[in-house]
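**Q** Structure: coords-v4.txt, compact mmCIF, C-alpha atoms and all ligand atoms.
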# COMPACT_ATOMS: atom_id res chain seq x y z
CA MET L 25 40.59 7.24 -103.52
CA TYR L 26 37.01 7.43 -104.79
CA ASN L 27 36.42 10.20 -107.28
CA GLU L 28 33.10 10.87 -105.58
CA THR L 29 31.45 12.72 -102.71
CA ALA L 30 30.77 11.23 -99.28
CA LEU L 31 28.32 12.47 -96.69
CA VAL L 32 29.41 11.87 -93.08
CA VAL L 33 26.79 11.66 -90.34
CA PHE L 34 28.71 13.84 -87.96
CA SER L 35 28.20 14.58 -84.26
CA GLY L 36 31.59 16.04 -83.33
CA GLY L 37 32.44 13.06 -81.12
CA GLN L 38 35.59 10.96 -81.28
CA ASP L 39 34.09 8.35 -83.62
CA SER L 40 32.44 10.54 -86.24
CA THR L 41 35.41 12.95 -86.24
CA THR L 42 37.74 10.04 -86.99
CA CYS L 43 35.30 9.02 -89.76
CA LEU L 44 35.30 12.55 -91.16
CA PHE L 45 39.07 12.49 -91.63
CA TRP L 46 38.94 8.90 -92.89
CA ALA L 47 36.43 10.09 -95.52
CA LYS L 48 38.74 12.97 -96.44
CA ARG L 49 41.44 10.41 -97.19
CA GLU L 50 39.11 8.13 -99.17
CA PHE L 51 36.90 10.56 -101.12
CA LYS L 52 37.45 13.49 -103.41
CA ASP L 53 34.80 15.58 -101.68
CA VAL L 54 33.39 15.28 -98.14
CA ARG L 55 30.39 16.87 -96.48
CA ALA L 56 29.25 16.68 -92.87
CA LEU L 57 25.68 16.57 -91.61
CA SER L 58 24.79 17.05 -87.93
CA PHE L 59 21.45 16.48 -86.27
CA LEU L 60 19.83 18.42 -83.45
CA TYR L 61 17.48 16.00 -81.76
CA GLY L 62 16.93 17.50 -78.34
CA GLN L 63 20.13 16.10 -76.85
CA LYS L 64 21.14 17.68 -73.57
CA HIS L 65 24.20 19.24 -75.05
CA ALA L 66 23.33 21.40 -78.02
CA LYS L 67 26.87 22.75 -77.62
CA GLU L 68 27.79 19.53 -79.40
CA VAL L 69 26.79 21.16 -82.68
CA GLU L 70 29.07 24.20 -82.16
CA LEU L 71 31.99 21.90 -81.48
CA ALA L 72 31.11 19.85 -84.54
CA GLN L 73 31.07 22.99 -86.66
CA ASN L 74 34.50 23.96 -85.37
CA ILE L 75 35.91 20.54 -86.31
CA ALA L 76 34.31 20.68 -89.76
CA ARG L 77 35.91 24.09 -90.29
CA GLN L 78 39.34 22.69 -89.39
CA ALA L 79 38.75 19.75 -91.73
CA GLY L 80 37.70 22.14 -94.49
CA VAL L 81 34.44 20.32 -95.19
CA THR L 82 30.96 21.68 -95.83
CA PHE L 83 28.87 21.46 -92.68
CA GLU L 84 25.14 21.51 -92.27
CA THR L 85 22.80 20.92 -89.33
CA MET L 86 19.30 19.58 -89.43
CA GLU L 87 16.63 19.70 -86.73
CA LEU L 88 15.14 16.33 -85.82
CA PRO L 89 13.55 17.05 -82.40
CA LEU L 90 11.04 14.26 -82.92
CA ILE L 91 13.66 11.65 -82.01
CA GLY L 92 14.22 13.16 -78.58
CA THR L 93 10.52 13.29 -77.74
CA LEU L 94 9.34 9.96 -79.15
CA GLY L 95 11.34 7.70 -76.86
CA HIS L 96 12.24 8.13 -73.20
CA ASN L 97 16.01 8.18 -72.65
CA ALA L 98 18.71 9.76 -70.50
CA LEU L 99 20.37 11.68 -73.35
CA THR L 100 17.35 13.89 -73.97
CA ASP L 101 15.63 13.76 -70.56
CA THR L 102 17.67 15.79 -68.06
CA SER L 103 15.73 14.43 -65.08
CA MET L 104 16.85 10.87 -65.76
CA PRO L 105 20.16 9.64 -64.27
CA MET L 106 22.31 7.80 -66.83
CA ASP L 107 22.89 4.07 -66.47
CA GLU L 108 26.56 3.31 -66.03
CA GLN L 109 26.00 -0.25 -67.21
CA ILE L 110 23.27 -2.34 -68.79
CA PRO L 111 20.73 -2.86 -65.95
CA ASP L 112 19.68 -6.41 -65.01
CA GLY L 113 16.85 -7.63 -67.18
CA GLN L 114 17.43 -4.93 -69.84
CA THR L 115 19.19 -5.29 -73.18
CA CYS L 116 20.68 -1.79 -73.31
CA PRO L 117 21.38 1.21 -71.01
CA ASN L 118 18.94 4.15 -70.77
CA THR L 119 21.32 6.30 -72.83
CA PHE L 120 20.01 4.40 -75.85
CA VAL L 121 17.93 6.69 -78.08
CA PRO L 122 15.54 4.29 -79.83
CA GLY L 123 15.63 4.61 -83.60
CA ARG L 124 18.37 7.26 -83.62
CA ASN L 125 20.65 5.68 -86.22
CA LEU L 126 17.67 4.46 -88.23
CA PHE L 127 16.33 8.03 -88.46
CA PHE L 128 19.74 9.68 -88.93
CA LEU L 129 20.82 7.39 -91.76
CA SER L 130 17.41 7.49 -93.44
CA VAL L 131 17.28 11.30 -93.37
CA ALA L 132 20.92 11.47 -94.45
CA ALA L 133 20.14 9.16 -97.39
CA VAL L 134 17.28 11.36 -98.60
CA TYR L 135 19.49 14.44 -98.16
CA ALA L 136 22.29 12.73 -100.09
CA ARG L 137 20.01 11.54 -102.88
CA GLU L 138 18.81 15.11 -103.47
CA ARG L 139 22.43 16.11 -103.98
CA GLY L 140 23.49 13.18 -106.11
CA ILE L 141 25.60 11.65 -103.32
CA ARG L 142 25.56 7.88 -102.81
CA HIS L 143 28.28 7.32 -100.22
CA LEU L 144 27.22 7.67 -96.58
CA VAL L 145 29.65 7.33 -93.68
CA THR L 146 28.71 6.54 -90.08
CA GLY L 147 30.91 6.00 -87.03
CA VAL L 148 28.97 3.12 -85.50
CA SER L 149 30.96 0.22 -84.07
CA GLN L 150 29.83 -3.26 -83.18
CA THR L 151 32.89 -3.82 -81.01
CA ASP L 152 32.11 -1.08 -78.48
CA TYR L 153 28.43 -0.84 -79.13
CA SER L 154 27.40 -0.53 -75.45
CA GLY L 155 24.34 -2.66 -76.10
CA TYR L 156 22.92 -0.33 -78.76
CA PRO L 157 21.32 -2.58 -81.39
CA ASP L 158 21.51 0.06 -84.14
CA CYS L 159 25.32 0.10 -84.01
CA ARG L 160 25.60 -3.49 -85.21
CA ASP L 161 26.83 -4.55 -88.63
CA SER L 162 23.67 -6.56 -89.36
CA PHE L 163 21.52 -3.47 -88.79
CA VAL L 164 23.62 -1.26 -91.08
CA LYS L 165 23.73 -3.89 -93.85
CA SER L 166 19.98 -4.42 -93.58
CA LEU L 167 19.30 -0.68 -93.68
CA ASN L 168 21.58 -0.30 -96.71
CA VAL L 169 19.42 -2.77 -98.62
CA THR L 170 16.24 -1.12 -97.37
CA LEU L 171 17.35 2.38 -98.38
CA ASN L 172 18.29 1.16 -101.84
CA LEU L 173 14.91 -0.50 -102.25
CA ALA L 174 13.05 2.46 -100.77
CA MET L 175 14.58 4.97 -103.19
CA ASP L 176 15.65 2.74 -106.06
CA ALA L 177 19.18 3.94 -105.36
CA GLN L 178 22.72 2.56 -105.03
CA PHE L 179 23.72 3.89 -101.64
CA VAL L 180 26.87 2.56 -100.02
CA LEU L 181 26.95 2.80 -96.22
CA HIS L 182 30.54 2.96 -95.01
CA THR L 183 31.36 1.98 -91.41
CA PRO L 184 35.13 2.41 -91.01
CA LEU L 185 34.98 1.78 -87.24
CA MET L 186 32.67 -1.24 -87.28
CA TRP L 187 35.29 -3.77 -86.19
CA LEU L 188 37.60 -1.46 -84.24
CA ASP L 189 37.60 -1.15 -80.47
CA LYS L 190 38.31 2.26 -78.92
CA ALA L 191 42.06 1.65 -78.96
CA GLY L 192 41.78 0.84 -82.67
CA THR L 193 39.83 4.05 -83.26
CA TRP L 194 42.62 6.04 -81.57
CA ALA L 195 45.14 4.21 -83.74
CA LEU L 196 43.19 5.20 -86.86
CA ALA L 197 43.05 8.86 -85.74
CA ASP L 198 46.80 8.75 -85.22
CA GLU L 199 47.35 7.19 -88.64
CA LEU L 200 45.22 9.97 -90.16
CA GLY L 201 47.34 12.59 -88.36
CA VAL L 202 44.49 13.96 -86.23
CA MET L 203 45.09 12.37 -82.85
CA ASP L 204 45.68 15.73 -81.12
CA LEU L 205 42.65 17.30 -82.76
CA VAL L 206 40.47 14.37 -81.68
CA ARG L 207 41.79 14.53 -78.11
CA ARG L 208 41.32 18.28 -77.81
CA ASP L 209 38.27 19.25 -79.86
CA THR L 210 35.80 16.37 -79.83
CA LEU L 211 32.96 15.84 -77.39
CA THR L 212 32.20 12.26 -76.36
CA CYS L 213 31.30 12.87 -72.69
CA TYR L 214 27.67 12.36 -71.66
CA ASN L 215 28.08 15.31 -69.29
CA GLY L 216 28.95 17.67 -72.13
CA ILE L 217 32.61 18.33 -71.32
CA PRO L 218 34.83 18.36 -74.44
CA GLY L 219 38.28 16.79 -74.75
CA ASP L 220 39.09 14.41 -71.92
CA GLY L 221 35.58 15.02 -70.53
CA CYS L 222 34.23 14.50 -67.00
CA GLY L 223 36.26 11.32 -66.64
CA HIS L 224 33.60 9.20 -64.95
CA CYS L 225 30.61 8.78 -67.31
CA PRO L 226 30.49 5.54 -69.38
CA ALA L 227 31.53 7.36 -72.59
CA CYS L 228 34.55 8.98 -70.89
CA LYS L 229 35.61 5.67 -69.37
CA LEU L 230 35.45 3.87 -72.72
CA ARG L 231 37.33 6.69 -74.43
CA ARG L 232 40.06 6.92 -71.78
CA GLU L 233 40.58 3.16 -71.53
CA GLY L 234 40.95 2.99 -75.30
CA LEU L 235 43.43 5.85 -75.31
CA GLU L 236 45.52 4.31 -72.51
CA GLN L 237 45.49 0.97 -74.28
CA TYR L 238 46.58 2.54 -77.57
CA LEU L 239 49.32 4.66 -75.97
CA ALA L 240 50.61 1.60 -74.09
CA SER L 241 50.70 -0.41 -77.34
CA ILE L 242 52.79 2.17 -79.23
CA HIS L 243 55.05 2.53 -76.22
CA HIS L 244 55.77 -1.21 -76.25
CA SER L 245 56.53 -1.27 -79.95
CA TYR L 246 59.55 1.03 -79.50
ZN ZN W 1 32.07 12.17 -69.22
Would you mind giving the structure from this file in structure tokens?
**A**
Amino acid sequence: MYNETALVVFSGGQDSTTCLFWAKREFKDVRALSFLYGQKHAKEVELAQNIARQAGVTFETMELPLIGTLGHNALTDTSMPMDEQIPDGQTCPNTFVPGRNLFFLSVAAVYARERGIRHLVTGVSQTDYSGYPDCRDSFVKSLNVTLNLAMDAQFVLHTPLMWLDKAGTWALADELGVMDLVRRDTLTCYNGIPGDGCGHCPACKLRREGLEQYLASIHHSY
């Protein structure tokens, strides 16, 4: 365990909640930072706060509405139907919020620096990245170098889920003893329904398939 503090970029979804409890296992002190960026479901932040309370970690929200208004996407524009898959001729679905992880991690790094924190944790995953370029390992490694150069700092960006698929993320939650909490209290659904969600949006499908796969794998091992 690191005798240091970690700041988790925390949305209250399955991935960042798993990261929050991972950080609690790995670090002496953990804090959570959530961003309001004009997403359709501001309720997300209330749910995130509830999870942070259960985890016993300090929770703070920050307003970043600029991100939602700069780029045109289906997470912040309610009139836009969400792509279920990557459309032909495109590199990512319209649920991609351009620059989101770049902004989040940059703001989080400045926030952390002010508080003497150098460890940042994000739940991005290259395995299930849905075509989002800012969830890839090369992006996070590149940004880590950039942030260190930008602030003459020694930040360490931790990505515990980078090489896990959704089944692997469920396995990690189970290992951390928070599988039930993740199933019940997190919000992953693009339609804003917590827990098992609406069941048909791309995020729900990915989450459910991962869960079924994980449950089947532990079933077979007995
Ligand atoms: Zn859904």
**Q** Counting all atoms listed in the file, which residue out of L:His143, L:Met106, L:Asp204, L:Thr183 sits closest to ligand ZN 1 (chain W)?
**A**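 Distance minimum relative to ligand ZN 1 (chain W) lands on L:Met106.
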**Q** Find the residues around Met175 in chain L up to 10 Å (all atoms listed in the file counted), leave out those fewer than 6 positions away in its own chain, and share them as a VMD selection string.
**A** chain L and resid 133 to 134 137
**Q** Can you write out the residues you just picked, keeping C-alpha atoms, as a compact mmCIF listing (two decimals), in the frame of the given file?
**A**
# COMPACT_ATOMS: atom_id res chain seq x y z
CA ALA L 133 20.14 9.16 -97.39
CA VAL L 134 17.28 11.36 -98.60
CA ARG L 137 20.01 11.54 -102.88
**Q** Kindly provide the residues of chain L that approach ligand ZN 1 (chain W) to within 10 Å, each paired with its closest atom pair and their distance in Å to one decimal, based on only C-alpha atoms and all ligand atoms, listed by chain and increasing number, as a tab-separated table.
**A**
residue	atom	partner	partner_atom	distance
L:Leu211	CA	W:ZN1	ZN	9.0
L:Thr212	CA	W:ZN1	ZN	7.1
L:Cys213	CA	W:ZN1	ZN	3.6
L:Tyr214	CA	W:ZN1	ZN	5.0
L:Asn215	CA	W:ZN1	ZN	5.1
L:Gly216	CA	W:ZN1	ZN	7.0
L:Ile217	CA	W:ZN1	ZN	6.5
L:Pro218	CA	W:ZN1	ZN	8.6
L:Gly219	CA	W:ZN1	ZN	9.5
L:Asp220	CA	W:ZN1	ZN	7.8
L:Gly221	CA	W:ZN1	ZN	4.7
L:Cys222	CA	W:ZN1	ZN	3.9
L:Gly223	CA	W:ZN1	ZN	5.0
L:His224	CA	W:ZN1	ZN	5.4
L:Cys225	CA	W:ZN1	ZN	4.2
L:Pro226	CA	W:ZN1	ZN	6.8
L:Ala227	CA	W:ZN1	ZN	5.9
L:Cys228	CA	W:ZN1	ZN	4.4
L:Lys229	CA	W:ZN1	ZN	7.4
L:Leu230	CA	W:ZN1	ZN	9.6
L:Arg231	CA	W:ZN1	ZN	9.2
L:Arg232	CA	W:ZN1	ZN	9.9
**Q** Store the residues picked out above, limited to C-alpha atoms, as a JSON list (two decimals), keeping the file's coordinate frame.
**A**
[["chain", "number", "residue", "atom", "x", "y", "z"],
["L", 211, "LEU", "CA", 32.96, 15.84, -77.39],
["L", 212, "THR", "CA", 32.20, 12.26, -76.36],
["L", 213, "CYS", "CA", 31.30, 12.87, -72.69],
["L", 214, "TYR", "CA", 27.67, 12.36, -71.66],
["L", 215, "ASN", "CA", 28.08, 15.31, -69.29],
["L", 216, "GLY", "CA", 28.95, 17.67, -72.13],
["L", 217, "ILE", "CA", 32.61, 18.33, -71.32],
["L", 218, "PRO", "CA", 34.83, 18.36, -74.44],
["L", 219, "GLY", "CA", 38.28, 16.79, -74.75],
["L", 220, "ASP", "CA", 39.09, 14.41, -71.92],
["L", 221, "GLY", "CA", 35.58, 15.02, -70.53],
["L", 222, "CYS", "CA", 34.23, 14.50, -67.00],
["L", 223, "GLY", "CA", 36.26, 11.32, -66.64],
["L", 224, "HIS", "CA", 33.60, 9.20, -64.95],
["L", 225, "CYS", "CA", 30.61, 8.78, -67.31],
["L", 226, "PRO", "CA", 30.49, 5.54, -69.38],
["L", 227, "ALA", "CA", 31.53, 7.36, -72.59],
["L", 228, "CYS", "CA", 34.55, 8.98, -70.89],
["L", 229, "LYS", "CA", 35.61, 5.67, -69.37],
["L", 230, "LEU", "CA", 35.45, 3.87, -72.72],
["L", 231, "ARG", "CA", 37.33, 6.69, -74.43],
["L", 232, "ARG", "CA", 40.06, 6.92, -71.78]]
**Q** What would the list of residues within 12 Å of (24.4, 7.4, -95.7) (file frame) look like as a ChimeraX atom specification, if all atoms listed in the file are what count?
**A** /L:29-34,55-57,125-137,140-148,164-165,167-172,177-183
**Q** Between CA of Lys52 in chain L and CA of Asn27 in chain L, what is the spacing in Å?
**A**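 Interatomic distance here is 5.2 Å.
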**Q** What is the distance, in Å and to one decimal place, between CA of Gln237 in chain L and CA of Asp198 in chain L?
**A** 13.5 Å
**Q** As an exercise, work out the distance from CA of Cys43 in chain L to CA of Pro184 in chain L in Å and give it to one decimal place.
**A**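 Computing it gives 6.7 Å between the two atoms.
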**Q** For Ala66 in chain L, list every protein, DNA or RNA residue within 12 Å, evaluated using only C-alpha atoms, and leave out those in the same chain fewer than 2 positions away; present the list as a ChimeraX atom specification.
**A** /L:35-36,58-64,68-73,85,87,89,99-100,211,214-217
**Q** Can I get the selected residues back with C-alpha atoms, as a short mmCIF file (atom, residue, chain, number, x, y, z; two decimals), keeping the file's coordinate frame?
**A**
data_model
loop_
_atom_site.label_atom_id
_atom_site.label_comp_id
_atom_site.auth_asym_id
_atom_site.auth_seq_id
_atom_site.Cartn_x
_atom_site.Cartn_y
_atom_site.Cartn_z
CA SER L 35 28.20 14.58 -84.26
CA GLY L 36 31.59 16.04 -83.33
CA SER L 58 24.79 17.05 -87.93
CA PHE L 59 21.45 16.48 -86.27
CA LEU L 60 19.83 18.42 -83.45
CA TYR L 61 17.48 16.00 -81.76
CA GLY L 62 16.93 17.50 -78.34
CA GLN L 63 20.13 16.10 -76.85
CA LYS L 64 21.14 17.68 -73.57
CA GLU L 68 27.79 19.53 -79.40
CA VAL L 69 26.79 21.16 -82.68
CA GLU L 70 29.07 24.20 -82.16
CA LEU L 71 31.99 21.90 -81.48
CA ALA L 72 31.11 19.85 -84.54
CA GLN L 73 31.07 22.99 -86.66
CA THR L 85 22.80 20.92 -89.33
CA GLU L 87 16.63 19.70 -86.73
CA PRO L 89 13.55 17.05 -82.40
CA LEU L 99 20.37 11.68 -73.35
CA THR L 100 17.35 13.89 -73.97
CA LEU L 211 32.96 15.84 -77.39
CA TYR L 214 27.67 12.36 -71.66
CA ASN L 215 28.08 15.31 -69.29
CA GLY L 216 28.95 17.67 -72.13
CA ILE L 217 32.61 18.33 -71.32
#
**Q** Tell me which of L:Gln78, L:Ser103, L:Ser241, L:Ser40 sits closest to Leu205 in chain L, counting all atoms listed in the file.
**A** L:Gln78
